[in-house]
file query08.txt (compact mmCIF, C-alpha atoms)
# COMPACT_ATOMS: atom_id res chain seq x y z
CA MET A 1043 216.27 -31.99 -51.53
CA THR A 1044 219.59 -32.01 -49.73
CA ILE A 1045 221.79 -28.98 -49.44
CA GLU A 1046 225.23 -29.69 -50.85
CA ARG A 1047 228.14 -28.17 -49.01
CA THR A 1048 231.68 -27.99 -50.30
CA PRO A 1049 233.71 -30.43 -48.19
CA ARG A 1050 236.20 -28.50 -46.08
CA ILE A 1051 238.90 -29.16 -43.51
CA GLU A 1052 240.58 -26.79 -41.10
CA PHE A 1053 244.27 -27.55 -41.17
CA TRP A 1054 246.06 -26.48 -37.98
CA TYR A 1055 249.84 -26.48 -38.26
CA GLU A 1056 252.97 -25.01 -36.70
CA PHE A 1057 256.09 -24.23 -38.72
CA ALA A 1058 258.41 -25.66 -36.04
CA SER A 1059 256.59 -28.99 -35.88
CA SER A 1060 258.18 -31.97 -37.57
CA TYR A 1061 254.97 -33.85 -38.34
CA SER A 1062 253.40 -30.60 -39.57
CA TYR A 1063 256.15 -30.58 -42.22
CA LEU A 1064 254.73 -33.79 -43.67
CA SER A 1065 251.17 -32.52 -43.79
CA VAL A 1066 252.02 -29.06 -45.12
CA MET A 1067 253.81 -30.75 -48.02
CA ARG A 1068 250.93 -33.15 -48.70
CA VAL A 1069 247.69 -31.39 -47.90
CA GLU A 1070 247.07 -29.22 -50.96
CA ALA A 1071 247.44 -31.97 -53.55
CA LEU A 1072 245.51 -34.55 -51.53
CA ALA A 1073 242.68 -32.15 -50.75
CA ALA A 1074 242.40 -31.08 -54.38
CA ALA A 1075 242.26 -34.71 -55.49
CA ALA A 1076 239.52 -35.35 -52.90
CA GLY A 1077 237.58 -32.21 -53.83
CA VAL A 1078 238.02 -30.78 -50.34
CA GLU A 1079 238.73 -27.13 -49.49
CA VAL A 1080 241.57 -26.39 -47.06
CA ALA A 1081 241.25 -23.63 -44.48
CA TRP A 1082 244.86 -22.95 -43.46
CA ARG A 1083 245.19 -22.39 -39.71
CA PRO A 1084 248.79 -21.62 -38.67
CA PHE A 1085 249.23 -21.35 -34.92
CA LEU A 1086 251.88 -21.59 -32.22
CA LEU A 1087 252.35 -24.77 -30.25
CA GLY A 1088 254.40 -23.04 -27.53
CA PRO A 1089 251.45 -21.55 -25.61
CA VAL A 1090 249.47 -24.77 -26.09
CA PHE A 1091 252.34 -26.81 -24.65
CA MET A 1092 252.74 -24.33 -21.79
CA SER A 1093 249.09 -24.88 -20.88
CA LEU A 1094 249.89 -28.62 -20.65
CA GLY A 1095 252.88 -27.92 -18.42
CA TRP A 1096 255.60 -28.34 -21.05
CA ASN A 1097 258.16 -25.58 -21.54
CA ASP A 1098 259.76 -27.29 -24.55
CA SER A 1099 258.78 -29.75 -27.27
CA PRO A 1100 257.76 -33.09 -25.76
CA PHE A 1101 260.26 -34.59 -28.21
CA ASN A 1102 262.99 -32.80 -26.27
CA ILE A 1103 261.47 -33.36 -22.80
CA TYR A 1104 261.04 -37.12 -23.35
CA PRO A 1105 264.16 -38.45 -25.11
CA PRO A 1106 262.71 -41.84 -26.15
CA LYS A 1107 259.83 -40.05 -27.88
CA GLY A 1108 262.30 -37.73 -29.58
CA ARG A 1109 264.55 -40.54 -30.82
CA TYR A 1110 261.53 -42.34 -32.16
CA MET A 1111 260.14 -39.24 -33.88
CA TRP A 1112 263.32 -38.53 -35.84
CA ARG A 1113 263.58 -42.10 -37.09
CA ASP A 1114 259.87 -42.22 -37.87
CA LEU A 1115 260.17 -38.94 -39.77
CA GLU A 1116 263.03 -40.40 -41.84
CA ARG A 1117 260.91 -43.38 -42.79
CA LEU A 1118 257.89 -41.23 -43.66
CA CYS A 1119 259.92 -38.71 -45.69
CA SER A 1120 261.34 -41.61 -47.62
CA ARG A 1121 257.82 -42.92 -48.28
CA TYR A 1122 256.50 -39.53 -49.35
CA GLY A 1123 259.56 -38.60 -51.40
CA LEU A 1124 260.42 -35.65 -49.14
CA ILE A 1125 263.89 -34.45 -48.26
CA LEU A 1126 264.81 -34.47 -44.57
CA THR A 1127 267.78 -32.68 -43.09
CA ARG A 1128 267.46 -32.78 -39.34
CA PRO A 1129 267.34 -29.15 -38.18
CA SER A 1130 270.42 -28.19 -36.18
CA THR A 1131 268.06 -26.36 -33.81
CA PHE A 1132 264.76 -27.94 -32.80
CA PRO A 1133 262.21 -26.60 -32.44
CA ARG A 1134 262.93 -23.50 -34.49
CA ASN A 1135 261.05 -20.25 -33.89
CA GLY A 1136 258.04 -20.24 -36.20
CA LEU A 1137 256.59 -16.97 -34.87
CA LEU A 1138 257.34 -14.69 -37.83
CA ALA A 1139 256.29 -17.23 -40.47
CA ALA A 1140 253.10 -17.99 -38.55
CA ARG A 1141 252.19 -14.31 -38.29
CA ILE A 1142 252.57 -13.91 -42.05
CA ALA A 1143 250.62 -17.08 -42.77
CA CYS A 1144 247.89 -16.12 -40.32
CA ARG A 1145 247.39 -12.69 -41.89
CA ASN A 1146 247.35 -14.19 -45.41
CA HIS A 1147 245.67 -17.53 -44.83
CA ALA A 1148 243.17 -17.06 -47.64
CA GLU A 1149 245.67 -15.84 -50.25
CA PRO A 1150 246.27 -18.16 -53.21
CA TRP A 1151 249.96 -18.37 -52.25
CA ILE A 1152 249.40 -19.63 -48.68
CA GLY A 1153 250.24 -23.22 -49.65
CA ALA A 1154 253.37 -22.29 -51.57
CA PHE A 1155 254.58 -20.02 -48.77
CA SER A 1156 253.92 -22.65 -46.10
CA ARG A 1157 255.79 -25.28 -48.11
CA ALA A 1158 258.72 -22.93 -48.69
CA VAL A 1159 259.05 -22.25 -44.95
CA MET A 1160 258.79 -25.95 -44.10
CA CYS A 1161 261.42 -26.89 -46.68
CA ALA A 1162 263.74 -24.19 -45.36
CA ASN A 1163 263.38 -25.64 -41.85
CA PHE A 1164 263.30 -29.39 -42.45
CA ALA A 1165 264.99 -29.92 -45.82
CA GLU A 1166 267.60 -27.14 -45.83
CA ASP A 1167 268.26 -26.58 -42.11
CA ARG A 1168 267.80 -22.83 -42.40
CA ASP A 1169 266.73 -20.58 -39.52
CA ILE A 1170 263.11 -19.74 -40.22
CA GLY A 1171 263.13 -17.45 -37.20
CA ASP A 1172 265.48 -15.13 -39.13
CA ARG A 1173 263.68 -12.24 -40.82
CA ALA A 1174 266.16 -12.28 -43.73
CA VAL A 1175 265.40 -15.93 -44.46
CA ILE A 1176 261.66 -15.31 -44.51
CA ALA A 1177 262.15 -12.22 -46.71
CA GLU A 1178 264.13 -14.30 -49.20
CA LEU A 1179 261.41 -16.96 -49.31
CA LEU A 1180 258.74 -14.34 -49.93
CA LEU A 1181 260.78 -12.71 -52.68
CA GLY A 1182 261.32 -16.12 -54.25
CA LEU A 1183 257.54 -16.41 -54.53
CA GLY A 1184 257.34 -13.00 -56.17
CA LEU A 1185 255.68 -11.43 -53.13
CA PRO A 1186 256.20 -7.96 -51.59
CA ALA A 1187 258.38 -9.13 -48.73
CA GLU A 1188 258.84 -5.83 -46.92
CA ASP A 1189 255.13 -5.01 -46.89
CA LEU A 1190 254.19 -8.49 -45.66
CA LEU A 1191 256.85 -8.43 -42.94
CA ALA A 1192 255.76 -5.00 -41.77
CA ASP A 1193 252.14 -6.12 -41.63
CA ALA A 1194 253.09 -9.29 -39.71
CA GLY A 1195 254.91 -7.19 -37.13
CA SER A 1196 252.09 -4.69 -36.71
CA ASP A 1197 249.76 -4.77 -33.71
CA ALA A 1198 247.08 -6.32 -35.93
CA GLY A 1199 249.50 -8.97 -37.19
CA LYS A 1200 250.50 -9.92 -33.65
CA ALA A 1201 246.91 -9.96 -32.43
CA ALA A 1202 245.74 -12.20 -35.28
CA LEU A 1203 248.15 -15.00 -34.42
CA ARG A 1204 247.58 -14.62 -30.69
CA SER A 1205 243.86 -14.98 -31.15
CA GLN A 1206 244.24 -17.93 -33.53
CA THR A 1207 246.47 -19.73 -31.01
CA GLU A 1208 243.90 -19.12 -28.24
CA ARG A 1209 241.28 -20.55 -30.56
CA ALA A 1210 243.35 -23.71 -31.00
CA THR A 1211 243.28 -24.33 -27.25
CA GLU A 1212 239.53 -23.66 -27.12
CA LEU A 1213 239.03 -26.25 -29.87
CA GLY A 1214 240.83 -28.88 -27.80
CA ILE A 1215 243.92 -28.91 -29.99
CA PHE A 1216 246.99 -30.20 -28.11
CA GLY A 1217 249.47 -30.91 -30.92
CA ALA A 1218 250.17 -30.38 -34.59
CA PRO A 1219 249.21 -31.04 -37.23
CA SER A 1220 245.54 -31.23 -36.33
CA PHE A 1221 242.51 -31.26 -38.58
CA ILE A 1222 239.01 -30.14 -37.72
CA VAL A 1223 236.16 -31.35 -39.87
CA ASP A 1224 232.56 -30.73 -39.00
CA GLY A 1225 233.40 -30.46 -35.30
CA GLU A 1226 235.59 -33.58 -35.33
CA LEU A 1227 239.23 -33.29 -34.26
CA PHE A 1228 241.89 -35.44 -35.94
CA TRP A 1229 245.45 -35.29 -34.64
CA GLY A 1230 248.61 -36.16 -36.50
CA ASN A 1231 249.89 -36.39 -40.04
CA ASP A 1232 248.67 -40.01 -40.19
CA ARG A 1233 245.11 -38.72 -39.92
CA LEU A 1234 245.18 -36.36 -42.89
CA GLU A 1235 243.59 -38.95 -45.18
CA ASP A 1236 240.98 -39.79 -42.52
CA ALA A 1237 240.10 -36.11 -42.13
CA LEU A 1238 239.66 -35.70 -45.88
CA ALA A 1239 237.43 -38.77 -46.04
CA TRP A 1240 235.38 -37.46 -43.11
CA ALA A 1241 234.95 -34.09 -44.86
CA HIS A 1242 233.78 -35.86 -47.97
CA ASP A 1243 231.25 -37.99 -46.10
CA ALA A 1244 230.01 -35.05 -44.02
CA ALA A 1245 229.30 -32.81 -47.03
CA MET B 556 271.31 -67.43 -53.26
CA THR B 557 269.42 -65.44 -50.66
CA ILE B 558 268.45 -66.79 -47.29
CA GLU B 559 264.71 -66.54 -46.80
CA ARG B 560 263.53 -65.66 -43.34
CA THR B 561 259.98 -65.86 -42.08
CA PRO B 562 258.77 -62.28 -41.67
CA ARG B 563 258.15 -61.53 -37.99
CA ILE B 564 257.02 -58.69 -35.79
CA GLU B 565 257.33 -58.25 -32.06
CA PHE B 566 254.01 -56.95 -30.80
CA TRP B 567 254.35 -55.02 -27.51
CA TYR B 568 251.04 -54.38 -25.78
CA GLU B 569 249.50 -53.56 -22.41
CA PHE B 570 246.06 -54.79 -21.36
CA ALA B 571 245.11 -51.43 -19.83
CA SER B 572 245.96 -49.47 -22.98
CA SER B 573 243.11 -48.28 -25.15
CA TYR B 574 244.99 -48.26 -28.45
CA SER B 575 246.44 -51.69 -27.59
CA TYR B 576 242.84 -52.93 -27.59
CA LEU B 577 242.57 -52.09 -31.28
CA SER B 578 245.80 -53.84 -32.21
CA VAL B 579 245.22 -56.92 -30.08
CA MET B 580 241.91 -57.39 -31.86
CA ARG B 581 243.43 -56.90 -35.31
CA VAL B 582 246.96 -58.28 -35.27
CA GLU B 583 246.46 -62.01 -35.64
CA ALA B 584 244.24 -61.88 -38.72
CA LEU B 585 246.27 -59.15 -40.43
CA ALA B 586 249.57 -60.89 -39.76
CA ALA B 587 248.26 -64.21 -41.02
CA ALA B 588 247.01 -62.55 -44.21
CA ALA B 589 250.43 -60.94 -44.68
CA GLY B 590 252.34 -64.15 -43.91
CA VAL B 591 254.02 -62.57 -40.89
CA GLU B 592 254.67 -64.29 -37.54
CA VAL B 593 253.66 -62.47 -34.37
CA ALA B 594 255.82 -62.60 -31.26
CA TRP B 595 253.46 -61.53 -28.46
CA ARG B 596 255.15 -59.23 -25.96
CA PRO B 597 252.82 -58.18 -23.13
CA PHE B 598 254.36 -55.65 -20.77
CA LEU B 599 253.40 -53.00 -18.22
CA LEU B 600 253.27 -49.35 -19.21
CA GLY B 601 253.26 -48.16 -15.58
CA PRO B 602 257.03 -48.50 -15.00
CA VAL B 603 257.73 -47.10 -18.47
CA PHE B 604 255.55 -44.05 -17.75
CA MET B 605 257.19 -43.65 -14.33
CA SER B 606 260.59 -43.46 -16.04
CA LEU B 607 259.18 -40.59 -18.15
CA GLY B 608 257.93 -38.82 -15.02
CA TRP B 609 254.24 -39.75 -15.35
CA ASN B 610 252.48 -41.40 -12.40
CA ASP B 611 249.27 -41.98 -14.36
CA SER B 612 248.20 -42.44 -17.97
CA PRO B 613 249.05 -39.36 -20.04
CA PHE B 614 245.40 -39.49 -21.12
CA ASN B 615 244.46 -38.70 -17.52
CA ILE B 616 247.31 -36.25 -16.86
CA TYR B 617 246.55 -34.19 -19.99
CA PRO B 618 242.76 -33.81 -20.30
CA PRO B 619 242.70 -32.56 -23.92
CA LYS B 620 244.67 -35.65 -24.97
CA GLY B 621 242.28 -37.84 -23.01
CA ARG B 622 239.14 -36.30 -24.50
CA TYR B 623 240.63 -36.71 -27.96
CA MET B 624 241.64 -40.32 -27.36
CA TRP B 625 238.17 -41.46 -26.31
CA ARG B 626 236.51 -39.85 -29.33
CA ASP B 627 239.23 -41.15 -31.65
CA LEU B 628 238.78 -44.62 -30.18
CA GLU B 629 235.03 -44.45 -30.87
CA ARG B 630 235.65 -43.56 -34.50
CA LEU B 631 238.25 -46.31 -34.91
CA CYS B 632 236.12 -48.99 -33.22
CA SER B 633 233.31 -48.05 -35.55
CA ARG B 634 235.64 -48.40 -38.53
CA TYR B 635 237.00 -51.76 -37.36
CA GLY B 636 233.63 -53.11 -36.26
CA LEU B 637 234.69 -53.36 -32.61
CA ILE B 638 232.47 -52.75 -29.59
CA LEU B 639 233.53 -49.97 -27.26
CA THR B 640 232.17 -49.46 -23.78
CA ARG B 641 234.25 -46.84 -22.06
CA PRO B 642 235.75 -48.52 -18.98
CA SER B 643 234.38 -47.06 -15.76
CA THR B 644 237.95 -47.20 -14.42
CA PHE B 645 240.86 -46.19 -16.65
CA PRO B 646 243.47 -47.41 -16.76
CA ARG B 647 242.57 -50.79 -15.28
CA ASN B 648 245.17 -52.99 -13.63
CA GLY B 649 246.58 -55.29 -16.30
CA LEU B 650 249.18 -56.93 -14.06
CA LEU B 651 247.62 -60.36 -13.63
CA ALA B 652 246.62 -60.72 -17.28
CA ALA B 653 250.08 -59.59 -18.39
CA ARG B 654 251.81 -62.11 -16.13
CA ILE B 655 249.73 -64.91 -17.62
CA ALA B 656 250.30 -63.70 -21.17
CA CYS B 657 254.01 -63.27 -20.57
CA ARG B 658 254.43 -66.80 -19.24
CA ASN B 659 252.40 -68.26 -22.12
CA HIS B 660 253.33 -65.97 -24.99
CA ALA B 661 254.14 -68.82 -27.36
CA GLU B 662 251.05 -70.91 -26.62
CA PRO B 663 248.55 -71.25 -29.47
CA TRP B 664 245.87 -69.62 -27.30
CA ILE B 665 247.82 -66.40 -26.61
CA GLY B 666 245.82 -64.46 -29.22
CA ALA B 667 242.45 -65.72 -28.02
CA PHE B 668 243.34 -65.03 -24.37
CA SER B 669 244.60 -61.53 -25.15
CA ARG B 670 241.46 -60.71 -27.10
CA ALA B 671 239.23 -62.06 -24.32
CA VAL B 672 240.95 -59.83 -21.75
CA MET B 673 240.75 -56.79 -24.01
CA CYS B 674 237.06 -57.36 -24.72
CA ALA B 675 236.38 -57.73 -20.99
CA ASN B 676 238.07 -54.37 -20.37
CA PHE B 677 236.99 -52.26 -23.36
CA ALA B 678 233.79 -53.88 -24.64
CA GLU B 679 232.25 -55.19 -21.39
CA ASP B 680 233.63 -52.81 -18.76
CA ARG B 681 234.74 -55.66 -16.51
CA ASP B 682 237.57 -55.40 -13.99
CA ILE B 683 240.45 -57.31 -15.55
CA GLY B 684 242.45 -56.76 -12.36
CA ASP B 685 240.05 -59.13 -10.61
CA ARG B 686 241.38 -62.68 -10.35
CA ALA B 687 237.85 -64.13 -10.65
CA VAL B 688 237.29 -62.33 -13.96
CA ILE B 689 240.55 -63.66 -15.39
CA ALA B 690 239.76 -67.16 -14.12
CA GLU B 691 236.41 -67.05 -15.89
CA LEU B 692 238.02 -65.92 -19.15
CA LEU B 693 240.57 -68.74 -18.96
CA LEU B 694 237.87 -71.31 -18.24
CA GLY B 695 235.89 -69.96 -21.18
CA LEU B 696 238.84 -70.82 -23.38
CA GLY B 697 238.97 -74.34 -21.93
CA LEU B 698 242.22 -73.64 -20.08
CA PRO B 699 243.34 -74.80 -16.61
CA ALA B 700 242.64 -71.53 -14.87
CA GLU B 701 243.92 -72.39 -11.40
CA ASP B 702 247.24 -73.77 -12.65
CA LEU B 703 247.82 -70.76 -14.90
CA LEU B 704 246.94 -68.30 -12.15
CA ALA B 705 249.22 -70.05 -9.68
CA ASP B 706 252.07 -70.01 -12.18
CA ALA B 707 251.50 -66.30 -12.92
CA GLY B 708 251.72 -65.51 -9.22
CA SER B 709 254.88 -67.55 -8.65
CA ASP B 710 258.30 -65.93 -8.32
CA ALA B 711 259.09 -67.04 -11.86
CA GLY B 712 255.84 -65.57 -13.16
CA LYS B 713 256.52 -62.24 -11.50
CA ALA B 714 260.13 -62.16 -12.67
CA ALA B 715 259.20 -62.90 -16.28
CA LEU B 716 256.95 -59.85 -16.61
CA ARG B 717 259.35 -57.62 -14.69
CA SER B 718 262.18 -58.54 -17.02
CA GLN B 719 260.01 -58.13 -20.11
CA THR B 720 258.98 -54.64 -18.98
CA GLU B 721 262.63 -53.70 -18.38
CA ARG B 722 263.37 -54.95 -21.88
CA ALA B 723 260.69 -52.64 -23.29
CA THR B 724 262.45 -49.62 -21.83
CA GLU B 725 265.81 -50.84 -23.15
CA LEU B 726 264.30 -51.11 -26.62
CA GLY B 727 263.21 -47.47 -26.51
CA ILE B 728 259.52 -48.28 -26.13
CA PHE B 729 257.58 -45.41 -24.54
CA GLY B 730 253.96 -46.32 -25.29
CA ALA B 731 251.67 -49.10 -26.45
CA PRO B 732 251.02 -50.70 -28.75
CA SER B 733 254.51 -50.79 -30.24
CA PHE B 734 255.93 -53.03 -32.92
CA ILE B 735 259.55 -53.98 -33.42
CA VAL B 736 260.61 -55.31 -36.78
CA ASP B 737 264.19 -55.94 -37.68
CA GLY B 738 265.38 -53.34 -35.15
CA GLU B 739 262.82 -50.74 -36.28
CA LEU B 740 260.36 -49.38 -33.72
CA PHE B 741 256.81 -48.49 -34.77
CA TRP B 742 254.49 -46.87 -32.24
CA GLY B 743 250.72 -46.86 -32.26
CA ASN B 744 247.85 -48.88 -33.61
CA ASP B 745 247.98 -46.81 -36.81
CA ARG B 746 251.39 -48.31 -37.53
CA LEU B 747 250.41 -51.97 -37.39
CA GLU B 748 250.02 -52.16 -41.17
CA ASP B 749 253.34 -50.33 -41.67
CA ALA B 750 255.10 -52.76 -39.33
CA LEU B 751 253.71 -55.75 -41.20
CA ALA B 752 254.80 -54.28 -44.54
CA TRP B 753 258.27 -53.59 -43.13
CA ALA B 754 258.52 -57.20 -41.89
CA HIS B 755 257.57 -58.46 -45.30
CA ASP B 756 260.12 -56.26 -47.08
CA ALA B 757 262.86 -57.08 -44.57
CA ALA B 758 262.48 -60.84 -44.90
call {"tool": "encode", "arguments": {"input": "query08.txt", "output": "C-alpha cells"}}
result
Amino acid sequence: MTIERTPRIEFWYEFASSYSYLSVMRVEALAAAAGVEVAWRPFLLGPVFMSLGWNDSPFNIYPPKGRYMWRDLERLCSRYGLILTRPSTFPRNGLLAARIACRNHAEPWIGAFSRAVMCANFAEDRDIGDRAVIAELLLGLGLPAEDLLADAGSDAGKAALRSQTERATELGIFGAPSFIVDGELFWGNDRLEDALAWAHDAA
Amino acid sequence: MTIERTPRIEFWYEFASSYSYLSVMRVEALAAAAGVEVAWRPFLLGPVFMSLGWNDSPFNIYPPKGRYMWRDLERLCSRYGLILTRPSTFPRNGLLAARIACRNHAEPWIGAFSRAVMCANFAEDRDIGDRAVIAELLLGLGLPAEDLLADAGSDAGKAALRSQTERATELGIFGAPSFIVDGELFWGNDRLEDALAWAHDAA
C-alpha cells in the first residue's frame, strides 16, 4: 500500500519582480488543471539581493540583462495573452502588498489579490507601494481594506514577512519566481510547468 | 508573391558553459527537425563577463546560483538523456576549442566537433584547455589535427575569435547559450525551442 499525498508546490514570488508577474498570473489555473496545491510564499527580493552584494535589481545593475528582460517579457506576455505596460518605476516597492499576502497566504482570495497587485504594477503602471492603491485593490475584491492594512503594519505583520524572507535565503532561493517541490528548487517562470510535473510525479 | 527565406538561427555558445553543453548536444537534431539552419557562433564568455564586472563565472561568484545550476543541470541531463560528470575544474578554458570552432564554423563537422568538446568537458571531466585533448578529439573525427591547431593559433585564428567575441557584446549578448533570430535575442538553453519556432515563423 502506498500513501497518497496531494501534490503541492511552494510558490515564492515578489510583487516587484517582472518574471513573478507571469507566474502569479498563470499558477492558479495551471496548478488546478494539474491537480496540484499551491502554497503561496510572498517574500522580498531586496534582502536576498543584498546578501548577494546587489543593492538594486540585477536588471538595473547590468543593462544588457535589463534590456533583454524587457523584450523577453514583451514576447512572453504576448504568448500568454497578458497585458504589459512597462512600469515607470522599476522595481516598485512590494513591501506592503507582500506583508498583506504573507499574513493571508492561506485565504481563498490570495490568488485574486496577488493577481490584482501584479496587474496594477505591470499592466496599469500604478504605484503598488502606495497604501491608497493597495486599499483600492482590496476594496475591489470586497475585502476589509482598513483591517487588513492595519494588520499588515502591525508588529506581527512585519515579523511574518521578515521571517518568510529569511526562510527564502535559507532555502537557497536567489531570485523570483522560485518553486520548491519536495525539496527541489526550480527558478524562473519558465520552470513553473516543470515544478508542477515534479510535484505530480513526487506525490 | 512572398519571398521565402530559409529559417535560420545564430547559435552563440561557449565551451566552458554548462548550459551551453545542453544546447550544443541538442541543437543540430532539433533544428534539422524544424527545417532551420544553424549558424554556429562560438565565443568567449570571459570578456563579456569582465565587461559586466565579473572576473569569474557568476556560478562561482554567487554560491546559491552555483548550487542551483549544478542540480538543475543534473535534472535536465536526466531529462535529455545526457551524461553529466561535474567537471573537477569549472569553468574550464575553452579558448583553444573556440578558436578552432570559430575558424571552421561552416564546416560540416562543426556540430560533431562541438559535441565532442562538450562531452569531454561535461561528461568525461577532461581538460579541454589541453592541446593534446583537443588533438585527440580532432583525430577521432578523422580531421587533420595538427593543421587545425596551427591555424587556430595563428594571428588570423586569434583575431577571428576576438572579433566574434566583440560582436557578441555588440549584439547585447550577456550569457550563453544565446540565440539570435531575425534580430531577436533569446538567452538560455530553455529558449532553444522558442528560438527555432521564432525562426520558422519569421521565414
call {"tool": "residues_around", "arguments": {"input": "query08.txt", "residues": "region 562-564 of chain B", "least_positions_apart": "2", "cutoff": "6 Å", "atoms": "all atoms listed in the file", "output": "VMD selection string"}}
result
chain B and resid 591 to 593 735 to 736 754 to 755 758
call {"tool": "residues_around", "arguments": {"input": "query08.txt", "residues": "Ser578 (chain B)", "least_positions_apart": "4", "cutoff": "10 Å", "atoms": "all atoms listed in the file", "output": "PyMOL selection string"}}
result
chain B and resi 566-568+573-574+582-583+585+670+731-733+743-747
call {"tool": "write_last_selection", "arguments": {"input": "query08.txt", "atoms": "C-alpha atoms", "output": "mmCIF file, keeping the file's coordinate frame"}}
result
data_model
loop_
_atom_site.group_PDB
_atom_site.id
_atom_site.type_symbol
_atom_site.label_atom_id
_atom_site.label_comp_id
_atom_site.auth_asym_id
_atom_site.auth_seq_id
_atom_site.Cartn_x
_atom_site.Cartn_y
_atom_site.Cartn_z
ATOM 1 C CA PHE B 566 254.010 -56.950 -30.800
ATOM 2 C CA TRP B 567 254.350 -55.020 -27.510
ATOM 3 C CA TYR B 568 251.040 -54.380 -25.780
ATOM 4 C CA SER B 573 243.110 -48.280 -25.150
ATOM 5 C CA TYR B 574 244.990 -48.260 -28.450
ATOM 6 C CA VAL B 582 246.960 -58.280 -35.270
ATOM 7 C CA GLU B 583 246.460 -62.010 -35.640
ATOM 8 C CA LEU B 585 246.270 -59.150 -40.430
ATOM 9 C CA ARG B 670 241.460 -60.710 -27.100
ATOM 10 C CA ALA B 731 251.670 -49.100 -26.450
ATOM 11 C CA PRO B 732 251.020 -50.700 -28.750
ATOM 12 C CA SER B 733 254.510 -50.790 -30.240
ATOM 13 C CA GLY B 743 250.720 -46.860 -32.260
ATOM 14 C CA ASN B 744 247.850 -48.880 -33.610
ATOM 15 C CA ASP B 745 247.980 -46.810 -36.810
ATOM 16 C CA ARG B 746 251.390 -48.310 -37.530
ATOM 17 C CA LEU B 747 250.410 -51.970 -37.390
#
call {"tool": "residues_around", "arguments": {"input": "query08.txt", "residues": "Pro646 (chain B)", "least_positions_apart": "6", "cutoff": "10 Å", "atoms": "only C-alpha atoms", "output": "VMD selection string"}}
result
chain B and resid 570 to 573 601 611 to 612 614 to 615 676
call {"tool": "write_last_selection", "arguments": {"input": "query08.txt", "atoms": "C-alpha atoms", "output": "PDB file, in the frame of the given file"}}
result
ATOM      1  CA  PHE B 570     246.060 -54.790 -21.360  1.00  0.00           C
ATOM      2  CA  ALA B 571     245.110 -51.430 -19.830  1.00  0.00           C
ATOM      3  CA  SER B 572     245.960 -49.470 -22.980  1.00  0.00           C
ATOM      4  CA  SER B 573     243.110 -48.280 -25.150  1.00  0.00           C
ATOM      5  CA  GLY B 601     253.260 -48.160 -15.580  1.00  0.00           C
ATOM      6  CA  ASP B 611     249.270 -41.980 -14.360  1.00  0.00           C
ATOM      7  CA  SER B 612     248.200 -42.440 -17.970  1.00  0.00           C
ATOM      8  CA  PHE B 614     245.400 -39.490 -21.120  1.00  0.00           C
ATOM      9  CA  ASN B 615     244.460 -38.700 -17.520  1.00  0.00           C
ATOM     10  CA  ASN B 676     238.070 -54.370 -20.370  1.00  0.00           C
TER      11      ASN B 676
END
call {"tool": "atom_distance", "arguments": {"input": "query08.txt", "atom1": "CA of Leu1094 (chain A)", "atom2": "CA of Tyr617 (chain B)"}}
result
6.5 Å
call {"tool": "interface_residues", "arguments": {"input": "query08.txt", "of": "chain B", "to": "chain A", "cutoff": "12 Å", "atoms": "all atoms listed in the file", "output": "PyMOL selection string"}}
result
chain B and resi 603-609+613-631+634+723-730+733+735+738-746+749-750+753
call {"tool": "atom_distance", "arguments": {"input": "query08.txt", "atom1": "CA of Val672 (chain B)", "atom2": "CA of Ala752 (chain B)"}}
result
27.2 Å
call {"tool": "residues_around", "arguments": {"input": "query08.txt", "residues": "Arg1145 (chain A)", "least_positions_apart": "2", "cutoff": "10 Å", "atoms": "only C-alpha atoms", "output": "list in words"}}
result
Pro1084, Ala1140, Arg1141, Ile1142, Ala1143, His1147, Ala1148, Glu1149, Ile1152, Leu1190, Asp1193, Ala1194, Ala1198, Gly1199, Lys1200, Ala1201, Ala1202 and Leu1203 of chain A
call {"tool": "residues_around", "arguments": {"input": "query08.txt", "residues": "region 689-692 of chain B", "least_positions_apart": "6", "cutoff": "10 Å", "atoms": "only C-alpha atoms", "output": "MDAnalysis selection string"}}
result
chainID B and resid 651:652 655 667:669 671:672 675 681:683 698:701 703:704
call {"tool": "closest_residue", "arguments": {"input": "query08.txt", "among": "B:Ala757, B:Glu721, B:Glu748, B:Cys674", "to": "Ala586 (chain B)", "atoms": "all atoms listed in the file"}}
result
B:Glu748
call {"tool": "axis_aligned_box", "arguments": {"input": "query08.txt", "around": "region 1191-1201 of chain A", "padding_each_side": "4 Å", "output": "lines of an AutoDock Vina configuration file"}}
result
center_x = 251.9
center_y = -7.3
center_z = -37.7
size_x = 17.9
size_y = 13.3
size_z = 18.5
call {"tool": "closest_residue", "arguments": {"input": "query08.txt", "among": "A:Asn1146, A:Ser1120, A:Ser1196, A:Asn1135", "to": "Leu1087 (chain A)", "atoms": "all atoms listed in the file"}}
result
A:Asn1135
call {"tool": "atom_distance", "arguments": {"input": "query08.txt", "atom1": "CA of Ala594 (chain B)", "atom2": "CA of Pro642 (chain B)"}}
result
27.4 Å
call {"tool": "build_atoms", "arguments": {"input": "query08.txt", "residues": "region 1157-1163 of chain A", "atoms": "N, CA and C atoms", "output": "compact mmCIF listing (two decimals), keeping the file's coordinate frame"}}
result
# COMPACT_ATOMS: atom_id res chain seq x y z
N ARG A 1157 254.84 -24.24 -47.68
CA ARG A 1157 255.79 -25.28 -48.11
C ARG A 1157 257.22 -24.74 -48.16
N ALA A 1158 257.37 -23.51 -48.61
CA ALA A 1158 258.72 -22.93 -48.69
C ALA A 1158 259.34 -22.80 -47.29
N VAL A 1159 258.53 -22.38 -46.32
CA VAL A 1159 259.05 -22.25 -44.95
C VAL A 1159 259.41 -23.63 -44.39
N MET A 1160 258.53 -24.61 -44.61
CA MET A 1160 258.79 -25.95 -44.10
C MET A 1160 260.04 -26.56 -44.73
N CYS A 1161 260.22 -26.36 -46.02
CA CYS A 1161 261.42 -26.89 -46.68
C CYS A 1161 262.67 -26.21 -46.14
N ALA A 1162 262.58 -24.90 -45.92
CA ALA A 1162 263.74 -24.19 -45.36
C ALA A 1162 264.12 -24.81 -44.01
N ASN A 1163 263.12 -25.10 -43.19
CA ASN A 1163 263.38 -25.64 -41.85
C ASN A 1163 263.83 -27.09 -41.89
